[in-house]
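J.: Just structure-v9.txt, nothing more (compact mmCIF, C-alpha atoms and all ligand atoms):
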# COMPACT_ATOMS: atom_id res chain seq x y z
CA MET O 1 17.25 -9.32 5.01
CA SER O 2 14.77 -12.08 5.85
CA ARG O 3 11.98 -10.10 7.46
CA PHE O 4 9.37 -12.61 6.23
CA ALA O 5 11.15 -15.91 6.91
CA ASN O 6 8.65 -18.69 7.80
CA GLN O 7 5.73 -16.54 6.64
CA VAL O 8 3.28 -17.35 3.87
CA ALA O 9 1.96 -14.51 1.72
CA VAL O 10 -0.84 -14.43 -0.84
CA VAL O 11 -0.61 -11.82 -3.59
CA THR O 12 -3.55 -11.52 -5.97
CA GLY O 13 -3.08 -10.11 -9.47
CA ALA O 14 0.54 -11.20 -9.29
CA GLY O 15 0.81 -12.43 -12.89
CA ARG O 16 2.49 -9.20 -13.93
CA GLY O 17 2.92 -5.53 -13.08
CA ILE O 18 2.62 -4.31 -9.50
CA GLY O 19 1.49 -7.68 -8.11
CA GLN O 20 4.48 -9.53 -9.56
CA ALA O 21 6.84 -6.90 -8.10
CA ILE O 22 5.17 -7.28 -4.68
CA ALA O 23 5.44 -11.08 -4.82
CA LEU O 24 9.12 -10.82 -5.81
CA ALA O 25 9.88 -8.36 -2.98
CA LEU O 26 8.20 -10.60 -0.38
CA ALA O 27 10.06 -13.67 -1.71
CA ALA O 28 13.33 -11.71 -1.61
CA GLU O 29 12.82 -11.27 2.12
CA GLY O 30 12.10 -14.91 2.84
CA ALA O 31 8.32 -15.34 2.39
CA LYS O 32 6.71 -18.28 0.63
CA VAL O 33 4.39 -16.62 -1.86
CA ALA O 34 1.15 -17.78 -3.47
CA VAL O 35 1.19 -16.00 -6.83
CA VAL O 36 -2.47 -15.64 -7.82
CA SER O 37 -3.78 -14.34 -11.13
CA ARG O 38 -6.71 -14.95 -13.41
CA SER O 39 -4.87 -16.98 -16.02
CA GLU O 40 -2.71 -20.00 -15.18
CA ALA O 41 -0.24 -18.95 -17.86
CA SER O 42 0.43 -15.54 -16.37
CA CYS O 43 0.84 -16.59 -12.72
CA GLY O 44 2.82 -19.66 -13.85
CA LYS O 45 5.30 -17.47 -15.72
CA ALA O 46 5.55 -14.96 -12.84
CA ALA O 47 6.15 -17.74 -10.28
CA GLU O 48 8.81 -19.27 -12.55
CA GLU O 49 10.61 -15.91 -12.77
CA ILE O 50 10.46 -15.42 -8.98
CA ASN O 51 11.72 -18.98 -8.38
CA ALA O 52 14.63 -18.33 -10.75
CA SER O 53 15.87 -15.69 -8.27
CA TYR O 54 14.60 -17.27 -5.03
CA PRO O 55 14.25 -21.04 -5.60
CA GLY O 56 11.20 -22.67 -4.05
CA SER O 57 9.68 -19.38 -2.90
CA ALA O 58 6.71 -19.07 -5.26
CA LYS O 59 3.76 -21.22 -6.32
CA ALA O 60 1.21 -20.26 -8.96
CA TYR O 61 -2.57 -20.38 -8.57
CA GLY O 62 -4.86 -19.41 -11.45
CA VAL O 63 -8.12 -18.20 -9.89
CA ASP O 64 -10.66 -15.48 -10.61
CA VAL O 65 -10.87 -13.47 -7.37
CA ALA O 66 -14.42 -12.42 -8.22
CA ASP O 67 -15.56 -16.05 -7.84
CA HIS O 68 -16.50 -16.45 -4.16
CA GLU O 69 -16.48 -20.25 -4.09
CA ALA O 70 -13.27 -20.56 -6.08
CA VAL O 71 -11.53 -18.24 -3.60
CA GLN O 72 -12.79 -20.32 -0.66
CA ALA O 73 -11.34 -23.42 -2.35
CA LEU O 74 -8.11 -21.54 -3.08
CA ALA O 75 -7.64 -20.68 0.61
CA LYS O 76 -7.92 -24.36 1.49
CA ILE O 77 -5.40 -25.44 -1.15
CA ILE O 78 -2.87 -22.71 -0.29
CA THR O 79 -3.04 -23.57 3.41
CA GLU O 80 -2.48 -27.27 2.62
CA GLU O 81 0.35 -26.66 0.15
CA LEU O 82 2.22 -23.68 1.65
CA GLY O 83 1.04 -23.46 5.28
CA SER O 84 -0.91 -20.86 7.25
CA VAL O 85 -1.10 -17.48 5.58
CA SER O 86 -0.14 -14.37 7.58
CA ILE O 87 0.14 -11.78 4.78
CA LEU O 88 -2.68 -11.10 2.31
CA ILE O 89 -2.17 -8.58 -0.48
CA ASN O 90 -5.29 -7.69 -2.48
CA ASN O 91 -3.84 -6.31 -5.68
CA ALA O 92 -5.94 -7.86 -8.50
CA GLY O 93 -7.61 -5.08 -10.42
CA VAL O 94 -9.02 -4.19 -13.81
CA THR O 95 -10.20 -1.08 -15.64
CA ARG O 96 -13.04 -0.68 -18.13
CA ASP O 97 -12.71 3.05 -18.77
CA THR O 98 -15.40 5.02 -20.53
CA LEU O 99 -17.61 8.01 -19.80
CA LEU O 100 -20.63 7.20 -17.63
CA MET O 101 -22.90 8.14 -20.54
CA ARG O 102 -21.46 5.18 -22.51
CA MET O 103 -20.74 2.78 -19.66
CA LYS O 104 -22.43 -0.60 -19.92
CA GLU O 105 -23.71 -2.51 -16.91
CA GLU O 106 -21.12 -5.16 -17.70
CA ASP O 107 -18.28 -2.56 -17.45
CA TRP O 108 -19.53 -1.58 -14.00
CA ASP O 109 -20.01 -5.15 -12.76
CA THR O 110 -16.64 -6.47 -14.00
CA VAL O 111 -14.70 -3.69 -12.27
CA LEU O 112 -16.64 -3.80 -8.99
CA ASP O 113 -16.62 -7.62 -8.91
CA THR O 114 -12.85 -7.81 -9.37
CA ASN O 115 -11.55 -4.76 -7.52
CA LEU O 116 -13.95 -4.69 -4.56
CA LYS O 117 -15.78 -7.99 -4.24
CA GLY O 118 -12.48 -9.76 -4.95
CA ALA O 119 -11.04 -8.28 -1.73
CA PHE O 120 -14.19 -9.22 0.21
CA ASN O 121 -13.83 -12.78 -1.10
CA THR O 122 -10.18 -13.18 -0.12
CA VAL O 123 -10.51 -11.54 3.30
CA LYS O 124 -13.51 -13.80 4.07
CA ALA O 125 -11.59 -16.86 2.89
CA PHE O 126 -8.37 -16.15 4.85
CA MET O 127 -9.82 -14.34 7.86
CA ARG O 128 -9.76 -17.19 10.38
CA THR O 129 -6.18 -18.11 9.47
CA LEU O 130 -5.07 -14.47 9.69
CA MET O 131 -6.72 -14.06 13.08
CA LYS O 132 -4.71 -16.99 14.43
CA ALA O 133 -1.36 -15.74 13.06
CA ASP O 134 1.07 -13.47 14.90
CA ASN O 135 1.23 -9.99 13.36
CA ALA O 136 -0.98 -10.78 10.38
CA ARG O 137 -1.29 -8.17 7.64
CA ILE O 138 -3.87 -7.29 5.02
CA ILE O 139 -2.80 -4.73 2.43
CA ASN O 140 -5.23 -3.57 -0.23
CA ILE O 141 -3.96 -1.91 -3.39
CA ALA O 142 -6.40 0.93 -4.03
CA SER O 143 -5.62 3.95 -6.24
CA VAL O 144 -5.39 7.73 -6.09
CA ILE O 145 -8.44 7.62 -8.37
CA GLY O 146 -10.40 6.29 -5.37
CA LEU O 147 -9.41 9.49 -3.53
CA ILE O 148 -9.82 12.18 -6.19
CA GLY O 149 -12.01 10.60 -8.91
CA ASN O 150 -11.40 10.77 -12.67
CA ALA O 151 -13.62 11.41 -15.67
CA GLY O 152 -14.05 8.15 -17.57
CA GLN O 153 -13.43 6.01 -14.48
CA THR O 154 -16.65 6.12 -12.44
CA ASN O 155 -16.62 2.33 -12.06
CA TYR O 156 -12.92 2.17 -11.16
CA SER O 157 -13.03 5.12 -8.71
CA ALA O 158 -16.12 3.68 -7.00
CA SER O 159 -14.37 0.31 -6.64
CA LYS O 160 -11.21 1.86 -5.18
CA ALA O 161 -13.08 4.28 -2.86
CA GLY O 162 -15.09 1.24 -1.72
CA LEU O 163 -11.88 -0.67 -1.14
CA ILE O 164 -10.62 2.18 1.09
CA GLY O 165 -13.83 2.11 3.17
CA PHE O 166 -13.58 -1.69 3.35
CA THR O 167 -9.96 -1.37 4.53
CA LYS O 168 -10.90 0.91 7.43
CA SER O 169 -13.80 -1.27 8.58
CA VAL O 170 -11.73 -4.46 8.38
CA ALA O 171 -8.97 -2.67 10.33
CA ARG O 172 -11.47 -1.89 13.10
CA GLU O 173 -12.97 -5.41 13.12
CA LEU O 174 -9.64 -7.24 13.26
CA ALA O 175 -7.59 -4.87 15.45
CA GLY O 176 -8.49 -6.88 18.54
CA ARG O 177 -6.55 -9.81 17.02
CA GLN O 178 -3.56 -7.60 16.14
CA VAL O 179 -4.30 -8.02 12.43
CA THR O 180 -3.58 -4.73 10.64
CA CYS O 181 -5.32 -3.71 7.44
CA ASN O 182 -4.04 -0.81 5.34
CA ALA O 183 -4.43 0.47 1.80
CA ILE O 184 -1.86 1.78 -0.62
CA ALA O 185 -3.04 4.29 -3.21
CA PRO O 186 -0.62 4.18 -6.13
CA GLY O 187 -0.52 7.14 -8.47
CA PHE O 188 0.50 6.42 -12.07
CA ILE O 189 2.86 3.44 -12.22
CA THR O 190 4.46 2.03 -15.37
CA THR O 191 2.64 -1.28 -16.11
CA ASP O 192 0.47 -2.84 -18.85
CA MET O 193 -2.49 -0.95 -17.31
CA THR O 194 -0.93 2.50 -17.90
CA ASP O 195 0.82 1.50 -21.16
CA GLU O 196 -2.67 1.59 -22.70
CA LEU O 197 -2.90 5.37 -22.15
CA PRO O 198 -2.28 7.61 -25.18
CA ASP O 199 0.97 9.65 -25.03
CA SER O 200 -1.00 12.91 -24.79
CA VAL O 201 -2.74 11.65 -21.62
CA LYS O 202 0.58 10.43 -20.14
CA GLU O 203 2.10 13.88 -20.73
CA ALA O 204 -0.88 15.64 -19.11
CA VAL O 205 -0.63 13.32 -16.08
CA ILE O 206 3.12 13.90 -15.65
CA ASN O 207 2.45 17.66 -15.58
CA LYS O 208 0.34 17.10 -12.44
CA ILE O 209 2.98 15.03 -10.59
CA PRO O 210 5.37 17.12 -8.46
CA LEU O 211 8.10 14.45 -8.79
CA ALA O 212 7.51 14.67 -12.58
CA SER O 213 7.49 11.01 -13.59
CA PHE O 214 5.44 7.82 -13.40
CA GLY O 215 6.38 5.52 -10.52
CA GLU O 216 7.86 2.04 -10.91
CA THR O 217 6.33 -1.21 -9.64
CA ALA O 218 9.19 -1.50 -7.12
CA ASP O 219 8.02 1.77 -5.51
CA ILE O 220 4.73 0.08 -4.57
CA ALA O 221 6.47 -3.15 -3.56
CA SER O 222 8.69 -1.34 -1.05
CA ALA O 223 5.68 0.36 0.56
CA VAL O 224 4.03 -3.07 0.80
CA THR O 225 7.04 -4.74 2.43
CA PHE O 226 7.18 -1.94 5.01
CA LEU O 227 3.47 -2.25 5.88
CA ALA O 228 3.80 -6.05 5.97
CA SER O 229 6.77 -5.91 8.33
CA LYS O 230 6.73 -6.18 12.12
CA GLU O 231 8.00 -2.58 12.29
CA ALA O 232 4.60 -1.42 10.98
CA HIS O 233 2.61 -3.17 13.74
CA TYR O 234 1.14 0.11 15.08
CA ILE O 235 -0.20 1.30 11.71
CA THR O 236 -3.73 0.26 10.74
CA GLY O 237 -6.67 1.63 8.77
CA GLN O 238 -4.42 4.00 6.82
CA VAL O 239 -4.19 4.91 3.15
CA LEU O 240 -0.63 5.49 1.97
CA ALA O 241 -0.46 7.39 -1.32
CA VAL O 242 2.59 6.42 -3.37
CA ASP O 243 2.10 8.92 -6.14
CA GLY O 244 5.05 11.28 -6.56
CA GLY O 245 3.16 13.91 -4.57
CA MET O 246 0.19 14.00 -6.95
CA THR O 247 -2.51 14.05 -4.25
CA MET O 248 -0.76 15.89 -1.43
P1 LIG O 301 -1.95 -5.15 -14.63
O1 LIG O 301 -0.55 -4.99 -15.15
O2 LIG O 301 -3.09 -4.95 -15.56
O3 LIG O 301 -2.06 -6.59 -13.91
C1 LIG O 301 -3.25 -6.95 -13.28
C2 LIG O 301 -3.11 -8.30 -12.64
O4 LIG O 301 -4.36 -8.59 -11.99
C3 LIG O 301 -2.86 -9.42 -13.65
O5 LIG O 301 -1.97 -10.37 -13.12
C4 LIG O 301 -4.26 -10.04 -13.80
O6 LIG O 301 -4.27 -11.42 -14.10
C5 LIG O 301 -4.81 -9.86 -12.41
N1 LIG O 301 -6.27 -9.95 -12.40
C6 LIG O 301 -7.14 -9.17 -13.06
N2 LIG O 301 -8.40 -9.59 -12.82
C7 LIG O 301 -8.30 -10.67 -12.00
C8 LIG O 301 -9.24 -11.55 -11.42
N3 LIG O 301 -10.55 -11.41 -11.64
N4 LIG O 301 -8.78 -12.55 -10.64
C9 LIG O 301 -7.45 -12.72 -10.42
N5 LIG O 301 -6.51 -11.91 -10.94
C10 LIG O 301 -6.94 -10.89 -11.73
O7 LIG O 301 -2.25 -4.14 -13.41
P2 LIG O 301 -1.24 -3.24 -12.53
O8 LIG O 301 -1.06 -1.96 -13.22
O9 LIG O 301 -0.09 -4.04 -12.09
O10 LIG O 301 -2.21 -2.93 -11.27
C11 LIG O 301 -2.24 -3.73 -10.11
C12 LIG O 301 -3.16 -3.08 -9.09
O11 LIG O 301 -2.72 -1.76 -8.82
C13 LIG O 301 -4.61 -2.96 -9.57
O12 LIG O 301 -5.49 -3.17 -8.50
C14 LIG O 301 -4.68 -1.52 -10.05
O13 LIG O 301 -6.00 -1.03 -9.98
C15 LIG O 301 -3.79 -0.84 -9.04
N6 LIG O 301 -3.25 0.42 -9.51
C16 LIG O 301 -2.43 0.49 -10.60
C17 LIG O 301 -1.94 1.72 -11.01
C18 LIG O 301 -1.02 1.86 -12.18
O14 LIG O 301 -0.68 3.01 -12.51
N7 LIG O 301 -0.59 0.80 -12.83
C19 LIG O 301 -2.31 2.87 -10.32
C20 LIG O 301 -3.15 2.77 -9.23
C21 LIG O 301 -3.60 1.53 -8.83
P3 LIG O 301 -3.81 -11.98 -15.55
O15 LIG O 301 -2.32 -11.73 -15.58
O16 LIG O 301 -4.16 -13.40 -15.49
O17 LIG O 301 -4.56 -11.18 -16.56
As structure tokens - that is how I would like this structure written.
Ligand code: NAP
T.:
Amino acid sequence: MSRFANQVAVVTGAGRGIGQAIALALAAEGAKVAVVSRSEASCGKAAEEINASYPGSAKAYGVDVADHEAVQALAKIITEELGSVSILINNAGVTRDTLLMRMKEEDWDTVLDTNLKGAFNTVKAFMRTLMKADNARIINIASVIGLIGNAGQTNYSASKAGLIGFTKSVARELAGRQVTCNAIAPGFITTDMTDELPDSVKEAVINKIPLASFGETADIASAVTFLASKEAHYITGQVLAVDGGMTM
């Protein structure tokens, strides 16, 4: 299938985990993909792996999404090197988990700056291009924690709940140009982020998931490719939970 032939996609946080799986899935269906992550090494390696399967489909860009000016410059470079972007996936995210009592200002700022301001920065930077494209898509990777909260994650849940509100407002602002904007709320997915959890926590989480397992990165990637496709043109401002039934 080449649902994204002649389209350019930007995937932030694509150096590993969910973002890399999304970038791979978009490349598999014909998109040219800008693989963005914080470190050059990580996005370089991810792009190399994607190109090994789909030659010439991926290019790496090491940029901190929290840096407003750097993201503006990134948009210019990507447009020059790959062409006009019509798919933007805001996936870059970090955690700095600790109880609010112990949380430092820096823990709050790092998480909000990356997870929420990062999406503001990229949407601002690519907005004009997206508005000119046919069937442009913005997909923000939120989290079930933005819907239900979690002790020890006040910063993370605030950032993801904010991202959901941002998604709905962007959807309303850009609907007139047929740009859709949706959020995906992953549950617990096997990546470096969840590998950090102690086994006792993983077991407790699995007990709360009706489908009784963590999800895989490909589960999020297939939801993204659907929302990015032309078939999803009448869906905007929605939050799709991909969580094994955890938050139904
Ligand atoms: P991950 O394995 O920790 O990978 C995170 C990626 O984001 C890395 O490539 C990292 O870059 C990049 N990144 C972090 N800060 C960045 C910044 N300031 N600028 C640019 N790139 C940055 O995470 P993941 O588990 O795949 O999660 C991806 C997204 O899904 C996140 O938004 C996360 O909140 C969300 N999510 C994950 C789960 C889960 O269970 N895993 C559940 C719900 C939601 P480097 O490689 O350079 O470090």
J.: Residues contacting ligand LIG 301 (chain O) - anything with an atom at most 8 Å away, using all atoms listed in the file - can you give me those as a PyMOL selection string?
T.: chain O and resi 12-20+36-43+62-67+90-95+113-115+118+141-145+156+160+185-194+214-215+217
J.: If you count only C-alpha atoms, which residues fall within 10 Å of O:Ile164, apart from same-chain ones fewer than 4 positions away, as an NGL selection string?
T.: :O and (116 or 140-143 or 146-147 or 158-160 or 168-170 or 182-185 or 237-239)
J.: Could you jot down the atom CA of O:Gly149 to atom CA of O:Leu197 separation for me, Å, one decimal place?
T.: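 These two atoms are separated by 16.9 Å.
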J.: One number please: atom CA of O:Ala136 to atom CA of O:Ser86, in Å, one decimal.
T.: 4.6 Å
J.: When you count only C-alpha atoms, which of these residues is closest to O:Ser2: O:Thr247, O:Thr236, O:Ser213, O:Ser229?
T.: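 Distance minimum relative to O:Ser2 lands on O:Ser229.
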J.: Would you compute, for all listed atoms of stretch 47-55 of chain O, the axis-aligned bounding box grown by 4 Å on each side, and then report its centre and edge lengths in Å rounded to one decimal, as AutoDock Vina command-line options?
T.:
--center_x 11.0 --center_y -18.2 --center_z -8.9 --size_x 17.7 --size_y 13.6 --size_z 15.7
J.: Got a sec: who's within 12 Å of O:Met101, counting all atoms listed in the file, leaving out chain neighbours fewer than 2 positions off, as a list in words?
T.: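 Result of the neighbour search: Asp97, Thr98, Leu99, Met103, Lys104, Glu105, Ala151, Gly152, Gln153 and Thr154 of chain O.
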J.: Expressed in Å to a single decimal, how great is the separation between atom CA of O:Ile78 and atom CA of O:Ala161?
T.: 29.0 Å
J.: Give as a ChimeraX atom specification the set of residues within 12 Å of the point (-3.9, 1.0, 11.7), where distances use the file's coordinates and all atoms listed in the file.
T.: /O:137-139,167-176,178-183,227-228,232-240
J.: Step by step: start from the point (-3.3, -14.6, 11.9) in the file's coordinates, keep every protein, DNA or RNA residue that has an atom no farther than 9 Å from it, count all atoms listed in the file, and write the set as a ChimeraX atom specification.
T.: /O:84-87,126-137,177-179
